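Participant: File follows, my_file_19.pdb with PDB, C-alpha atoms:
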ATOM      1  CA  MET A   1     -23.757 -53.488 -19.831
ATOM      2  CA  VAL A   2     -24.904 -53.490 -16.205
ATOM      3  CA  ASP A   3     -22.910 -53.932 -13.027
ATOM      4  CA  ILE A   4     -23.350 -55.284  -9.515
ATOM      5  CA  LEU A   5     -21.637 -52.983  -6.990
ATOM      6  CA  HIS A   6     -21.155 -53.352  -3.241
ATOM      7  CA  ARG A   7     -19.191 -51.859  -0.353
ATOM      8  CA  ILE A   8     -18.448 -53.335   3.065
ATOM      9  CA  GLY A   9     -16.060 -52.384   5.874
ATOM     10  CA  VAL A  10     -14.195 -54.989   7.900
ATOM     11  CA  GLU A  11     -13.487 -53.841  11.447
ATOM     12  CA  ASN A  12     -10.117 -54.376  13.122
ATOM     13  CA  SER A  13      -8.621 -56.092  10.089
ATOM     14  CA  SER A  14      -6.098 -54.843   7.520
ATOM     15  CA  PRO A  15      -5.740 -54.567   3.742
ATOM     16  CA  ASP A  16      -3.194 -57.424   3.898
ATOM     17  CA  LYS A  17      -5.623 -59.731   5.686
ATOM     18  CA  VAL A  18      -8.484 -58.885   3.308
ATOM     19  CA  TYR A  19      -6.178 -59.413   0.341
ATOM     20  CA  ASP A  20      -5.224 -62.851   1.700
ATOM     21  CA  ALA A  21      -8.896 -63.802   2.028
ATOM     22  CA  LEU A  22      -9.351 -62.929  -1.668
ATOM     23  CA  THR A  23      -6.179 -64.446  -3.070
ATOM     24  CA  THR A  24      -5.600 -67.764  -1.282
ATOM     25  CA  LEU A  25      -7.616 -70.979  -1.645
ATOM     26  CA  ASP A  26      -7.810 -71.204   2.129
ATOM     27  CA  GLY A  27      -9.180 -67.669   2.419
ATOM     28  CA  LEU A  28     -11.638 -67.982  -0.454
ATOM     29  CA  SER A  29     -13.019 -71.305   0.806
ATOM     30  CA  GLY A  30     -13.647 -69.670   4.178
ATOM     31  CA  TRP A  31     -16.284 -67.243   2.955
ATOM     32  CA  TRP A  32     -17.507 -68.100  -0.583
ATOM     33  CA  ALA A  33     -17.374 -71.750  -1.753
ATOM     34  CA  SER A  34     -16.091 -74.365   0.662
ATOM     35  CA  ASP A  35     -15.112 -76.328  -2.452
ATOM     36  CA  THR A  36     -12.493 -74.008  -3.984
ATOM     37  CA  LYS A  37      -9.530 -75.384  -5.949
ATOM     38  CA  GLY A  38      -7.115 -74.347  -8.691
ATOM     39  CA  SER A  39      -4.390 -71.774  -9.033
ATOM     40  CA  ALA A  40      -4.746 -68.377  -7.407
ATOM     41  CA  GLU A  41      -1.733 -66.805  -9.169
ATOM     42  CA  VAL A  42      -1.993 -64.313 -12.019
ATOM     43  CA  GLY A  43      -2.900 -66.322 -15.129
ATOM     44  CA  GLY A  44      -4.189 -69.188 -12.999
ATOM     45  CA  VAL A  45      -7.808 -70.325 -12.847
ATOM     46  CA  ILE A  46      -9.638 -70.694  -9.537
ATOM     47  CA  GLU A  47     -12.476 -73.245  -9.554
ATOM     48  CA  PHE A  48     -15.330 -72.396  -7.212
ATOM     49  CA  ARG A  49     -17.891 -75.196  -6.863
ATOM     50  CA  PHE A  50     -21.383 -74.898  -5.393
ATOM     51  CA  ALA A  51     -24.204 -77.414  -5.108
ATOM     52  CA  PRO A  52     -25.940 -76.180  -8.285
ATOM     53  CA  GLY A  53     -22.746 -75.654 -10.320
ATOM     54  CA  GLY A  54     -19.705 -73.467 -10.264
ATOM     55  CA  PHE A  55     -17.586 -70.645 -11.590
ATOM     56  CA  ASP A  56     -14.058 -70.683 -13.011
ATOM     57  CA  MET A  57     -12.239 -67.399 -12.550
ATOM     58  CA  GLU A  58      -9.034 -66.488 -14.336
ATOM     59  CA  VAL A  59      -6.925 -64.251 -12.132
ATOM     60  CA  LEU A  60      -6.185 -61.166 -14.226
ATOM     61  CA  GLU A  61      -4.582 -58.833 -11.728
ATOM     62  CA  LEU A  62      -3.143 -58.999  -8.208
ATOM     63  CA  GLN A  63      -1.920 -55.839  -6.488
ATOM     64  CA  PRO A  64      -1.120 -56.841  -2.898
ATOM     65  CA  ALA A  65      -3.353 -55.201  -0.307
ATOM     66  CA  GLU A  66      -4.991 -53.047  -3.025
ATOM     67  CA  ARG A  67      -6.643 -54.736  -5.956
ATOM     68  CA  VAL A  68      -7.757 -58.120  -7.320
ATOM     69  CA  VAL A  69      -9.390 -58.728 -10.713
ATOM     70  CA  TRP A  70     -10.909 -61.988 -11.982
ATOM     71  CA  ARG A  71     -12.495 -62.823 -15.318
ATOM     72  CA  VAL A  72     -15.180 -65.498 -15.443
ATOM     73  CA  VAL A  73     -13.993 -68.120 -17.934
ATOM     74  CA  ASP A  74     -16.562 -70.838 -17.201
ATOM     75  CA  GLY A  75     -19.910 -71.069 -15.421
ATOM     76  CA  PRO A  76     -23.459 -69.894 -16.140
ATOM     77  CA  ALA A  77     -23.799 -68.256 -19.566
ATOM     78  CA  GLU A  78     -24.735 -64.931 -17.948
ATOM     79  CA  TRP A  79     -21.450 -64.915 -16.012
ATOM     80  CA  VAL A  80     -18.974 -65.931 -18.721
ATOM     81  CA  GLY A  81     -16.974 -62.915 -19.876
ATOM     82  CA  THR A  82     -17.968 -60.767 -16.910
ATOM     83  CA  THR A  83     -15.303 -59.386 -14.577
ATOM     84  CA  VAL A  84     -15.090 -59.342 -10.783
ATOM     85  CA  ASN A  85     -13.087 -56.459  -9.291
ATOM     86  CA  TRP A  86     -12.000 -55.985  -5.696
ATOM     87  CA  GLU A  87     -10.550 -52.711  -4.382
ATOM     88  CA  ILE A  88      -9.174 -52.610  -0.832
ATOM     89  CA  LYS A  89      -8.334 -49.559   1.296
ATOM     90  CA  GLN A  90      -8.103 -48.611   4.952
ATOM     91  CA  GLU A  91     -10.374 -45.978   6.592
ATOM     92  CA  ASP A  92      -9.846 -45.538  10.328
ATOM     93  CA  ASP A  93     -10.577 -48.896  11.984
ATOM     94  CA  PHE A  94     -12.225 -50.351   8.895
ATOM     95  CA  THR A  95     -10.735 -52.072   5.881
ATOM     96  CA  ILE A  96     -13.047 -51.049   3.060
ATOM     97  CA  VAL A  97     -13.832 -53.453   0.233
ATOM     98  CA  LEU A  98     -15.295 -52.036  -2.978
ATOM     99  CA  PHE A  99     -16.696 -54.885  -5.031
ATOM    100  CA  GLY A 100     -17.812 -54.923  -8.645
ATOM    101  CA  HIS A 101     -19.171 -57.762 -10.741
ATOM    102  CA  VAL A 102     -19.284 -55.880 -14.010
ATOM    103  CA  GLY A 103     -20.138 -56.334 -17.645
ATOM    104  CA  TRP A 104     -23.439 -58.217 -17.419
ATOM    105  CA  LYS A 105     -25.166 -58.116 -20.816
ATOM    106  CA  GLU A 106     -28.671 -57.783 -19.377
ATOM    107  CA  PRO A 107     -30.288 -56.892 -16.023
ATOM    108  CA  CYS A 108     -31.885 -60.348 -15.968
ATOM    109  CA  GLU A 109     -33.613 -61.832 -12.930
ATOM    110  CA  PHE A 110     -30.545 -63.998 -12.279
ATOM    111  CA  MET A 111     -28.460 -60.820 -12.035
ATOM    112  CA  HIS A 112     -30.869 -59.461  -9.384
ATOM    113  CA  HIS A 113     -30.382 -62.727  -7.465
ATOM    114  CA  CYS A 114     -26.594 -62.656  -7.786
ATOM    115  CA  SER A 115     -26.478 -59.037  -6.572
ATOM    116  CA  THR A 116     -28.241 -59.962  -3.330
ATOM    117  CA  LYS A 117     -26.249 -63.167  -3.002
ATOM    118  CA  TRP A 118     -22.930 -61.282  -3.398
ATOM    119  CA  ALA A 119     -23.983 -58.974  -0.546
ATOM    120  CA  ILE A 120     -24.602 -62.014   1.661
ATOM    121  CA  PHE A 121     -21.221 -63.510   0.739
ATOM    122  CA  LEU A 122     -19.497 -60.170   1.393
ATOM    123  CA  MET A 123     -21.004 -60.254   4.877
ATOM    124  CA  SER A 124     -19.549 -63.772   5.128
ATOM    125  CA  LEU A 125     -16.127 -62.379   4.157
ATOM    126  CA  LYS A 126     -16.539 -59.695   6.815
ATOM    127  CA  ALA A 127     -17.525 -62.326   9.410
ATOM    128  CA  LEU A 128     -14.586 -64.556   8.487
ATOM    129  CA  LEU A 129     -12.138 -61.707   9.040
ATOM    130  CA  GLU A 130     -13.786 -60.291  12.146
ATOM    131  CA  THR A 131     -14.641 -63.532  13.934
ATOM    132  CA  GLY A 132     -12.572 -66.250  12.250
ATOM    133  CA  THR A 133     -15.711 -67.944  10.893
ATOM    134  CA  GLY A 134     -17.424 -67.170   7.606
ATOM    135  CA  ASN A 135     -20.548 -68.678   6.068
ATOM    136  CA  PRO A 136     -19.372 -70.193   2.794
ATOM    137  CA  GLU A 137     -21.653 -72.391   0.744
ATOM    138  CA  PRO A 138     -23.113 -74.825   1.786
ATOM    139  CA  ARG A 139     -23.765 -73.067   5.104
ATOM    140  CA  ASP A 140     -24.541 -69.741   3.407
ATOM    141  CA  VAL A 141     -27.740 -67.819   4.082
ATOM    142  CA  GLN A 142     -30.548 -68.879   1.734
ATOM    143  CA  ILE A 143     -32.143 -65.782   0.223
ATOM    144  CA  SER A 144     -34.880 -67.348  -1.936
ATOM    145  CA  ASN A 145     -35.993 -70.436  -3.840
ATOM    146  CA  TRP A 146     -32.782 -70.110  -5.913
ATOM    147  CA  HIS A 147     -29.478 -71.367  -4.559
TER     148      HIS A 147
ATOM    149  CA  MET B   1     -27.438 -44.125 -15.328
ATOM    150  CA  VAL B   2     -26.705 -47.094 -13.092
ATOM    151  CA  ASP B   3     -29.059 -49.284 -11.104
ATOM    152  CA  ILE B   4     -29.094 -51.320  -7.904
ATOM    153  CA  LEU B   5     -30.938 -54.609  -8.454
ATOM    154  CA  HIS B   6     -31.848 -57.381  -6.014
ATOM    155  CA  ARG B   7     -34.031 -60.472  -5.740
ATOM    156  CA  ILE B   8     -35.242 -62.300  -2.643
ATOM    157  CA  GLY B   9     -37.853 -64.972  -2.016
ATOM    158  CA  VAL B  10     -40.084 -64.943   1.044
ATOM    159  CA  GLU B  11     -41.104 -68.438   2.123
ATOM    160  CA  ASN B  12     -44.682 -69.290   3.155
ATOM    161  CA  SER B  13     -45.946 -65.752   2.582
ATOM    162  CA  SER B  14     -48.071 -64.283  -0.220
ATOM    163  CA  PRO B  15     -47.996 -61.392  -2.672
ATOM    164  CA  ASP B  16     -50.688 -59.672  -0.577
ATOM    165  CA  LYS B  17     -48.605 -59.874   2.589
ATOM    166  CA  VAL B  18     -45.464 -58.635   0.840
ATOM    167  CA  TYR B  19     -47.454 -55.808  -0.732
ATOM    168  CA  ASP B  20     -48.748 -54.801   2.716
ATOM    169  CA  ALA B  21     -45.193 -54.698   4.078
ATOM    170  CA  LEU B  22     -44.283 -52.282   1.260
ATOM    171  CA  THR B  23     -47.352 -50.074   1.313
ATOM    172  CA  THR B  24     -48.310 -49.510   4.949
ATOM    173  CA  LEU B  25     -46.456 -47.426   7.542
ATOM    174  CA  ASP B  26     -46.694 -50.324   9.961
ATOM    175  CA  GLY B  27     -45.184 -52.730   7.444
ATOM    176  CA  LEU B  28     -42.427 -50.370   6.295
ATOM    177  CA  SER B  29     -41.387 -49.497   9.849
ATOM    178  CA  GLY B  30     -41.039 -53.205  10.581
ATOM    179  CA  TRP B  31     -38.154 -53.814   8.215
ATOM    180  CA  TRP B  32     -36.609 -50.532   6.968
ATOM    181  CA  ALA B  33     -36.815 -47.426   9.177
ATOM    182  CA  SER B  34     -38.493 -47.726  12.557
ATOM    183  CA  ASP B  35     -39.232 -44.005  12.194
ATOM    184  CA  THR B  36     -41.536 -44.014   9.157
ATOM    185  CA  LYS B  37     -44.324 -41.450   8.763
ATOM    186  CA  GLY B  38     -46.367 -39.748   6.059
ATOM    187  CA  SER B  39     -48.888 -40.848   3.485
ATOM    188  CA  ALA B  40     -48.520 -44.192   1.747
ATOM    189  CA  GLU B  41     -51.226 -43.534  -0.872
ATOM    190  CA  VAL B  42     -50.519 -42.740  -4.528
ATOM    191  CA  GLY B  43     -49.362 -39.119  -4.639
ATOM    192  CA  GLY B  44     -48.498 -39.200  -0.955
ATOM    193  CA  VAL B  45     -44.990 -38.836   0.451
ATOM    194  CA  ILE B  46     -43.571 -41.380   2.903
ATOM    195  CA  GLU B  47     -40.909 -40.001   5.253
ATOM    196  CA  PHE B  48     -38.275 -42.540   6.269
ATOM    197  CA  ARG B  49     -35.922 -41.285   8.998
ATOM    198  CA  PHE B  50     -32.611 -42.839  10.019
ATOM    199  CA  ALA B  51     -29.988 -41.733  12.521
ATOM    200  CA  PRO B  52     -27.837 -40.034   9.843
ATOM    201  CA  GLY B  53     -30.756 -38.517   7.875
ATOM    202  CA  GLY B  54     -33.657 -39.687   5.821
ATOM    203  CA  PHE B  55     -35.460 -40.184   2.558
ATOM    204  CA  ASP B  56     -38.793 -38.824   1.352
ATOM    205  CA  MET B  57     -40.470 -41.058  -1.208
ATOM    206  CA  GLU B  58     -43.383 -39.989  -3.364
ATOM    207  CA  VAL B  59     -45.600 -42.968  -4.094
ATOM    208  CA  LEU B  60     -45.922 -43.088  -7.889
ATOM    209  CA  GLU B  61     -47.661 -46.387  -8.450
ATOM    210  CA  LEU B  62     -49.498 -49.027  -6.439
ATOM    211  CA  GLN B  63     -50.713 -52.230  -8.083
ATOM    212  CA  PRO B  64     -51.957 -54.469  -5.280
ATOM    213  CA  ALA B  65     -49.936 -57.642  -4.832
ATOM    214  CA  GLU B  66     -47.891 -56.830  -7.953
ATOM    215  CA  ARG B  67     -46.026 -53.570  -8.149
ATOM    216  CA  VAL B  68     -44.962 -50.527  -6.099
ATOM    217  CA  VAL B  69     -43.006 -47.523  -7.406
ATOM    218  CA  TRP B  70     -41.540 -44.655  -5.393
ATOM    219  CA  ARG B  71     -39.638 -41.558  -6.498
ATOM    220  CA  VAL B  72     -37.123 -40.020  -4.112
ATOM    221  CA  VAL B  73     -38.165 -36.400  -3.605
ATOM    222  CA  ASP B  74     -35.842 -35.507  -0.706
ATOM    223  CA  GLY B  75     -32.745 -36.977   0.893
ATOM    224  CA  PRO B  76     -29.078 -37.318  -0.065
ATOM    225  CA  ALA B  77     -28.256 -35.553  -3.351
ATOM    226  CA  GLU B  78     -27.326 -38.881  -4.965
ATOM    227  CA  TRP B  79     -30.813 -40.247  -4.215
ATOM    228  CA  VAL B  80     -33.010 -37.347  -5.254
ATOM    229  CA  GLY B  81     -34.685 -38.103  -8.576
ATOM    230  CA  THR B  82     -33.920 -41.817  -8.458
ATOM    231  CA  THR B  83     -36.724 -44.362  -8.487
ATOM    232  CA  VAL B  84     -37.382 -47.417  -6.324
ATOM    233  CA  ASN B  85     -39.350 -50.221  -7.996
ATOM    234  CA  TRP B  86     -40.820 -53.324  -6.387
ATOM    235  CA  GLU B  87     -42.188 -56.256  -8.398
ATOM    236  CA  ILE B  88     -43.953 -59.076  -6.560
ATOM    237  CA  LYS B  89     -44.850 -62.549  -7.844
ATOM    238  CA  GLN B  90     -45.440 -66.046  -6.500
ATOM    239  CA  GLU B  91     -43.212 -69.043  -7.385
ATOM    240  CA  ASP B  92     -44.121 -72.286  -5.600
ATOM    241  CA  ASP B  93     -43.771 -71.646  -1.848
ATOM    242  CA  PHE B  94     -41.896 -68.381  -2.313
ATOM    243  CA  THR B  95     -43.130 -64.860  -2.863
ATOM    244  CA  ILE B  96     -40.463 -63.339  -5.075
ATOM    245  CA  VAL B  97     -39.512 -59.684  -4.721
ATOM    246  CA  LEU B  98     -37.615 -58.039  -7.571
ATOM    247  CA  PHE B  99     -36.167 -54.784  -6.345
ATOM    248  CA  GLY B 100     -34.661 -51.909  -8.322
ATOM    249  CA  HIS B 101     -33.248 -48.610  -7.118
ATOM    250  CA  VAL B 102     -32.668 -47.126 -10.514
ATOM    251  CA  GLY B 103     -31.427 -43.986 -12.214
ATOM    252  CA  TRP B 104     -28.286 -43.228 -10.189
ATOM    253  CA  LYS B 105     -26.194 -40.654 -12.056
ATOM    254  CA  GLU B 106     -22.856 -42.209 -11.095
ATOM    255  CA  PRO B 107     -21.604 -45.516  -9.669
ATOM    256  CA  CYS B 108     -20.197 -43.607  -6.683
ATOM    257  CA  GLU B 109     -18.903 -45.254  -3.521
ATOM    258  CA  PHE B 110     -22.148 -44.316  -1.753
ATOM    259  CA  MET B 111     -24.060 -46.287  -4.378
ATOM    260  CA  HIS B 112     -21.896 -49.347  -3.648
ATOM    261  CA  HIS B 113     -22.777 -48.909   0.035
ATOM    262  CA  CYS B 114     -26.496 -48.485  -0.629
ATOM    263  CA  SER B 115     -26.539 -51.600  -2.820
ATOM    264  CA  THR B 116     -25.195 -53.753   0.017
ATOM    265  CA  LYS B 117     -27.400 -52.007   2.553
ATOM    266  CA  TRP B 118     -30.521 -52.612   0.447
ATOM    267  CA  ALA B 119     -29.665 -56.336   0.393
ATOM    268  CA  ILE B 120     -29.474 -56.331   4.181
ATOM    269  CA  PHE B 121     -32.817 -54.520   4.469
ATOM    270  CA  LEU B 122     -34.412 -56.931   1.979
ATOM    271  CA  MET B 123     -33.301 -59.760   4.250
ATOM    272  CA  SER B 124     -34.971 -57.795   7.058
ATOM    273  CA  LEU B 125     -38.188 -57.650   4.991
ATOM    274  CA  LYS B 126     -37.922 -61.407   4.451
ATOM    275  CA  ALA B 127     -37.377 -61.979   8.180
ATOM    276  CA  LEU B 128     -40.320 -59.752   9.093
ATOM    277  CA  LEU B 129     -42.642 -61.749   6.858
ATOM    278  CA  GLU B 130     -41.274 -65.175   7.744
ATOM    279  CA  THR B 131     -40.806 -64.743  11.485
ATOM    280  CA  GLY B 132     -42.820 -61.660  12.442
ATOM    281  CA  THR B 133     -39.654 -59.736  13.357
ATOM    282  CA  GLY B 134     -37.539 -57.650  11.002
ATOM    283  CA  ASN B 135     -34.364 -55.692  11.675
ATOM    284  CA  PRO B 136     -35.249 -52.101  10.831
ATOM    285  CA  GLU B 137     -32.887 -49.267  11.635
ATOM    286  CA  PRO B 138     -31.674 -48.741  14.371
ATOM    287  CA  ARG B 139     -31.296 -52.485  14.974
ATOM    288  CA  ASP B 140     -30.156 -53.134  11.413
ATOM    289  CA  VAL B 141     -26.945 -55.016  10.630
ATOM    290  CA  GLN B 142     -23.954 -52.667  10.399
ATOM    291  CA  ILE B 143     -22.035 -53.381   7.216
ATOM    292  CA  SER B 144     -19.171 -50.880   7.495
ATOM    293  CA  ASN B 145     -17.997 -47.571   8.980
ATOM    294  CA  TRP B 146     -20.939 -45.916   7.182
ATOM    295  CA  HIS B 147     -24.430 -46.075   8.612
TER     296      HIS B 147
END
Please, can you express the file's structure as structure tokens?
Facilitator:
Amino acid sequence: MVDILHRIGVENSSPDKVYDALTTLDGLSGWWASDTKGSAEVGGVIEFRFAPGGFDMEVLELQPAERVVWRVVDGPAEWVGTTVNWEIKQEDDFTIVLFGHVGWKEPCEFMHHCSTKWAIFLMSLKALLETGTGNPEPRDVQISNWH
Amino acid sequence: MVDILHRIGVENSSPDKVYDALTTLDGLSGWWASDTKGSAEVGGVIEFRFAPGGFDMEVLELQPAERVVWRVVDGPAEWVGTTVNWEIKQEDDFTIVLFGHVGWKEPCEFMHHCSTKWAIFLMSLKALLETGTGNPEPRDVQISNWH
């Protein structure tokens, strides 16, 4: 099992605001997939749709202002069964986000791509919270020949 | 052992140009640390210096236009003994870079930070090759309260 791990800090925000951006359809569509639907409650499934396909995430855990856990229930074969974890905490003027997309079976080339792409989307989350405008797909930064 | 993995694609470049950006002091200082000195030959040590400190990389392997391997011989305790691997290949109009910073002892918070930071510097490498201008430290993108 191999994991994608990241850390960003959002300036002049708060754990509550970061949590909202990770747990509401409005927040999620502002930084990841513009086309985000479904149920964001525990036990619900959030449907993220991108030009080349999409991901369905079951919401496993919601601890307000602290922790969010999703399990991938549909999407690319490499993603299904993996888990996405978000930990939120405050350090001085920064709200820190510790991100993990864990449980990949293999360190395949697609995993390399997704690791970089997650970093870009985390910077979009940071921009959304700091400036009011994120860069969700389809206006996300293109990192390669893969979308 | 845990690994940081990334993948980018550089448009309208070539494996030779990417290899040069990874194996010359001029190239390296254009996208990672402006303050880069030392010997970039096999067996040499490249000294990358940043505001908060630096990394010394022994060059283990150089396969022109294909593969570069460094071992961290000095720097933060978490980095020493880890390995940085670069694989280069061409796919259509994109030169693909597969990056690995492998052999971390623990998935510590600093590793999360370095994973995101590597993604940002890989985008700087891509920008350098595509536009002629990268964003090496100190004009790199700040991702959090940590430099």
Participant: Taking only C-alpha atoms into account, which residues of chain A are within 12 Å of chain B, as JSON, numbers by chain?
Facilitator: {"A": [1, 2, 3, 4, 5, 6, 7, 8, 9, 10, 11, 12, 87, 90, 91, 92, 93, 94, 95, 96, 97, 98, 99, 100, 101, 102, 106, 107, 108, 109, 110, 111, 112, 113, 114, 115, 116, 117, 118, 119, 120, 121, 122, 123, 124, 125, 126, 127, 130, 141, 142, 143, 144, 145, 146, 147]}
Participant: What would the file look like if the residues just selected were written as a compact mmCIF listing (two decimals), keeping the file's coordinate frame with C-alpha atoms?
Facilitator:
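Once everything was written out, this is part.txt:
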# COMPACT_ATOMS: atom_id res chain seq x y z
CA MET A 1 -23.76 -53.49 -19.83
CA VAL A 2 -24.90 -53.49 -16.20
CA ASP A 3 -22.91 -53.93 -13.03
CA ILE A 4 -23.35 -55.28 -9.52
CA LEU A 5 -21.64 -52.98 -6.99
CA HIS A 6 -21.16 -53.35 -3.24
CA ARG A 7 -19.19 -51.86 -0.35
CA ILE A 8 -18.45 -53.34 3.06
CA GLY A 9 -16.06 -52.38 5.87
CA VAL A 10 -14.20 -54.99 7.90
CA GLU A 11 -13.49 -53.84 11.45
CA ASN A 12 -10.12 -54.38 13.12
CA GLU A 87 -10.55 -52.71 -4.38
CA GLN A 90 -8.10 -48.61 4.95
CA GLU A 91 -10.37 -45.98 6.59
CA ASP A 92 -9.85 -45.54 10.33
CA ASP A 93 -10.58 -48.90 11.98
CA PHE A 94 -12.22 -50.35 8.90
CA THR A 95 -10.74 -52.07 5.88
CA ILE A 96 -13.05 -51.05 3.06
CA VAL A 97 -13.83 -53.45 0.23
CA LEU A 98 -15.30 -52.04 -2.98
CA PHE A 99 -16.70 -54.88 -5.03
CA GLY A 100 -17.81 -54.92 -8.64
CA HIS A 101 -19.17 -57.76 -10.74
CA VAL A 102 -19.28 -55.88 -14.01
CA GLU A 106 -28.67 -57.78 -19.38
CA PRO A 107 -30.29 -56.89 -16.02
CA CYS A 108 -31.88 -60.35 -15.97
CA GLU A 109 -33.61 -61.83 -12.93
CA PHE A 110 -30.54 -64.00 -12.28
CA MET A 111 -28.46 -60.82 -12.04
CA HIS A 112 -30.87 -59.46 -9.38
CA HIS A 113 -30.38 -62.73 -7.46
CA CYS A 114 -26.59 -62.66 -7.79
CA SER A 115 -26.48 -59.04 -6.57
CA THR A 116 -28.24 -59.96 -3.33
CA LYS A 117 -26.25 -63.17 -3.00
CA TRP A 118 -22.93 -61.28 -3.40
CA ALA A 119 -23.98 -58.97 -0.55
CA ILE A 120 -24.60 -62.01 1.66
CA PHE A 121 -21.22 -63.51 0.74
CA LEU A 122 -19.50 -60.17 1.39
CA MET A 123 -21.00 -60.25 4.88
CA SER A 124 -19.55 -63.77 5.13
CA LEU A 125 -16.13 -62.38 4.16
CA LYS A 126 -16.54 -59.70 6.82
CA ALA A 127 -17.52 -62.33 9.41
CA GLU A 130 -13.79 -60.29 12.15
CA VAL A 141 -27.74 -67.82 4.08
CA GLN A 142 -30.55 -68.88 1.73
CA ILE A 143 -32.14 -65.78 0.22
CA SER A 144 -34.88 -67.35 -1.94
CA ASN A 145 -35.99 -70.44 -3.84
CA TRP A 146 -32.78 -70.11 -5.91
CA HIS A 147 -29.48 -71.37 -4.56
Participant: Have a look at CA of Arg67 in chain B and CA of Leu22 in chain B and let me know their distance in Å, one decimal.
Facilitator: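 CA of Leu22 in chain B lies 9.7 Å from CA of Arg67 in chain B.
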Participant: Where does the PyMOL selection byres ((chain B and resi 134) around 7) land in this file, that is, which residues does it pick, as number ranges by chain?
Facilitator: B: 30-31, 124-125, 127-128, 132-133, 135-136
Participant: Contacts of Ala65 in chain B at 10 Å or less, counting all atoms listed in the file, minus same-chain residues fewer than 6 places along, as a PDB file with C-alpha atoms, in the frame of the given file?
Facilitator:
ATOM      1  CA  SER B  14     -48.071 -64.283  -0.220  1.00  0.00           C
ATOM      2  CA  PRO B  15     -47.996 -61.392  -2.672  1.00  0.00           C
ATOM      3  CA  ASP B  16     -50.688 -59.672  -0.577  1.00  0.00           C
ATOM      4  CA  LYS B  17     -48.605 -59.874   2.589  1.00  0.00           C
ATOM      5  CA  VAL B  18     -45.464 -58.635   0.840  1.00  0.00           C
ATOM      6  CA  TYR B  19     -47.454 -55.808  -0.732  1.00  0.00           C
ATOM      7  CA  ASP B  20     -48.748 -54.801   2.716  1.00  0.00           C
ATOM      8  CA  LEU B  22     -44.283 -52.282   1.260  1.00  0.00           C
ATOM      9  CA  GLU B  87     -42.188 -56.256  -8.398  1.00  0.00           C
ATOM     10  CA  ILE B  88     -43.953 -59.076  -6.560  1.00  0.00           C
ATOM     11  CA  LYS B  89     -44.850 -62.549  -7.844  1.00  0.00           C
ATOM     12  CA  GLN B  90     -45.440 -66.046  -6.500  1.00  0.00           C
TER      13      GLN B  90
END
Participant: Which residues fall under the PyMOL selection byres ((chain A and resi 41) around 12) in this file, as a ChimeraX atom specification?
Facilitator: /A:22-25,38-40,42-46,57-64,68-70
Participant: Under the rule that only C-alpha atoms are counted, which of A:Ala51, A:Leu129, A:Ala33, A:Val73 is the nearest residue to Ser13 in chain A?
Facilitator: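 With only C-alpha atoms as the atom set, the closest residue is A:Leu129.
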Participant: Got a sec to check which residues sit within 7 Å of (-33.9, -43.7, -12.2), counting all atoms listed in the file, and write them as a PDB file with C-alpha atoms, in the frame of the given file?
Facilitator:
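Ended up saving to result-v8.pdb:
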ATOM      1  CA  GLY B  81     -34.685 -38.103  -8.576  1.00  0.00           C
ATOM      2  CA  THR B  82     -33.920 -41.817  -8.458  1.00  0.00           C
ATOM      3  CA  THR B  83     -36.724 -44.362  -8.487  1.00  0.00           C
ATOM      4  CA  VAL B 102     -32.668 -47.126 -10.514  1.00  0.00           C
ATOM      5  CA  GLY B 103     -31.427 -43.986 -12.214  1.00  0.00           C
ATOM      6  CA  TRP B 104     -28.286 -43.228 -10.189  1.00  0.00           C
TER       7      TRP B 104
END
Participant: Can you measure CA of Val80 in chain B to CA of Phe48 in chain B for me? One decimal in Å is fine.
Facilitator: 13.7 Å
Participant: Rounded to one decimal in Å, what is the spacing between CA of Leu28 in chain B and CA of Asp140 in chain A?
Facilitator: 26.5 Å
